[in-house]
Amino acid sequence: MNRDSAEILGLQALGWLVGQEDYFLRFLALSGVETPELRARAQDPEFLGFVLDFLLGDDAVIMAFCADTGTPPEAPMQARACLPGGDLPNWT
């Protein structure tokens with residue numbers, strides 16, 4: 001996976017979240033972003049990394065995203081590693 005592919009997956013994840021009311025409301029609360037800001041923030045690779053962090057932080061959310069979008073389960077983690085902040089060591 002390269003950076004462009006990672007950003008595309010981050011955008012897909014954000015689009016999916018917008019359609020999932022419960023997850024989306026939790027995402028907005030955790031991110032501190034207001035709905036009108038989403039379009040501008042969606043162009044920021046760091047923000048897209050946060051979107052992927054949100055998905056990866058909850059097994060139910062990541063499994064639902066992958067199932068609904070046909071995304072291979074390993075792809076979000078690979079994408080996260082390509083975005084800013086994703087190169088941090090994983091100690092688990």
# chains A, B, ... in the order shown; residues from 1 in each chain; ligands from 1
>>> residues_around(residues="Gln12 of chain A", least_positions_apart="2", cutoff="12 Å", atoms="only C-alpha atoms", output="PyMOL selection string")
chain A and resi 5-10+14-19+42+48+51-52+55+65-66+68-71+75-76+79
>>> select_by_dssp(residues="chain A", states="helix (DSSP H, G or I)", output="PDB file with C-alpha atoms, in the first residue's frame")
ATOM      1  CA  ARG A   3       0.288   6.901   0.585  1.00  0.00           C
ATOM      2  CA  ASP A   4      -2.257   7.657  -2.171  1.00  0.00           C
ATOM      3  CA  SER A   5      -4.027   4.334  -1.618  1.00  0.00           C
ATOM      4  CA  ALA A   6      -3.999   4.946   2.122  1.00  0.00           C
ATOM      5  CA  GLU A   7      -5.605   8.361   1.696  1.00  0.00           C
ATOM      6  CA  ILE A   8      -8.272   6.865  -0.566  1.00  0.00           C
ATOM      7  CA  LEU A   9      -9.052   4.207   2.031  1.00  0.00           C
ATOM      8  CA  GLY A  10      -9.201   6.906   4.709  1.00  0.00           C
ATOM      9  CA  LEU A  11     -11.698   8.845   2.605  1.00  0.00           C
ATOM     10  CA  GLN A  12     -13.757   5.693   2.062  1.00  0.00           C
ATOM     11  CA  ALA A  13     -13.733   5.087   5.799  1.00  0.00           C
ATOM     12  CA  LEU A  14     -14.877   8.643   6.475  1.00  0.00           C
ATOM     13  CA  GLY A  15     -17.676   8.285   3.929  1.00  0.00           C
ATOM     14  CA  TRP A  16     -18.741   5.031   5.524  1.00  0.00           C
ATOM     15  CA  LEU A  17     -18.710   6.595   8.993  1.00  0.00           C
ATOM     16  CA  VAL A  18     -20.984   9.417   7.866  1.00  0.00           C
ATOM     17  CA  GLU A  21     -25.155   7.317  12.833  1.00  0.00           C
ATOM     18  CA  ASP A  22     -24.027   5.743  16.127  1.00  0.00           C
ATOM     19  CA  TYR A  23     -20.399   5.399  15.078  1.00  0.00           C
ATOM     20  CA  PHE A  24     -20.397   8.806  13.398  1.00  0.00           C
ATOM     21  CA  LEU A  25     -21.666  10.611  16.492  1.00  0.00           C
ATOM     22  CA  ARG A  26     -18.994   8.913  18.600  1.00  0.00           C
ATOM     23  CA  PHE A  27     -16.376   9.836  15.992  1.00  0.00           C
ATOM     24  CA  LEU A  28     -17.429  13.497  16.039  1.00  0.00           C
ATOM     25  CA  ALA A  29     -17.311  13.573  19.831  1.00  0.00           C
ATOM     26  CA  LEU A  30     -13.827  12.051  19.951  1.00  0.00           C
ATOM     27  CA  SER A  31     -12.405  14.135  17.113  1.00  0.00           C
ATOM     28  CA  THR A  35     -19.861  18.333  10.654  1.00  0.00           C
ATOM     29  CA  PRO A  36     -19.331  21.453   8.462  1.00  0.00           C
ATOM     30  CA  GLU A  37     -15.542  21.068   8.861  1.00  0.00           C
ATOM     31  CA  LEU A  38     -15.436  17.521   7.514  1.00  0.00           C
ATOM     32  CA  ARG A  39     -15.000  18.416   3.855  1.00  0.00           C
ATOM     33  CA  ALA A  40     -11.939  20.550   4.520  1.00  0.00           C
ATOM     34  CA  ARG A  41     -10.457  18.138   7.065  1.00  0.00           C
ATOM     35  CA  PRO A  45      -3.673  13.077   5.729  1.00  0.00           C
ATOM     36  CA  GLU A  46      -3.292  13.398   9.514  1.00  0.00           C
ATOM     37  CA  PHE A  47      -7.062  13.607   9.895  1.00  0.00           C
ATOM     38  CA  LEU A  48      -7.503  10.576   7.652  1.00  0.00           C
ATOM     39  CA  GLY A  49      -5.071   8.790   9.943  1.00  0.00           C
ATOM     40  CA  PHE A  50      -7.339   9.667  12.861  1.00  0.00           C
ATOM     41  CA  VAL A  51     -10.308   8.272  10.939  1.00  0.00           C
ATOM     42  CA  LEU A  52      -8.458   4.985  10.541  1.00  0.00           C
ATOM     43  CA  ASP A  53      -7.366   5.069  14.195  1.00  0.00           C
ATOM     44  CA  PHE A  54     -11.017   5.396  15.150  1.00  0.00           C
ATOM     45  CA  LEU A  55     -11.975   2.362  13.071  1.00  0.00           C
ATOM     46  CA  LEU A  56      -9.046   0.313  14.329  1.00  0.00           C
ATOM     47  CA  ASP A  59     -13.236  -4.483  16.668  1.00  0.00           C
ATOM     48  CA  ALA A  60     -16.954  -4.115  15.970  1.00  0.00           C
ATOM     49  CA  VAL A  61     -16.413  -0.916  13.980  1.00  0.00           C
ATOM     50  CA  ILE A  62     -13.536  -2.234  11.879  1.00  0.00           C
ATOM     51  CA  MET A  63     -15.313  -5.515  11.178  1.00  0.00           C
ATOM     52  CA  ALA A  64     -18.488  -3.670  10.125  1.00  0.00           C
ATOM     53  CA  PHE A  65     -16.511  -1.336   7.859  1.00  0.00           C
ATOM     54  CA  CYS A  66     -14.658  -4.199   6.191  1.00  0.00           C
ATOM     55  CA  ALA A  67     -17.824  -6.258   5.748  1.00  0.00           C
ATOM     56  CA  ASP A  68     -19.882  -3.361   4.377  1.00  0.00           C
ATOM     57  CA  THR A  69     -17.221  -2.143   1.965  1.00  0.00           C
ATOM     58  CA  ALA A  75      -6.004  -3.045   4.617  1.00  0.00           C
ATOM     59  CA  PRO A  76      -6.963  -0.413   7.242  1.00  0.00           C
ATOM     60  CA  MET A  77      -3.877  -1.208   9.347  1.00  0.00           C
ATOM     61  CA  GLN A  78      -1.665  -1.133   6.267  1.00  0.00           C
ATOM     62  CA  ALA A  79      -3.196   2.188   5.237  1.00  0.00           C
ATOM     63  CA  ARG A  80      -2.713   3.623   8.706  1.00  0.00           C
ATOM     64  CA  ALA A  81       0.979   2.784   8.564  1.00  0.00           C
ATOM     65  CA  CYS A  82       1.307   4.904   5.391  1.00  0.00           C
TER      66      CYS A  82
END
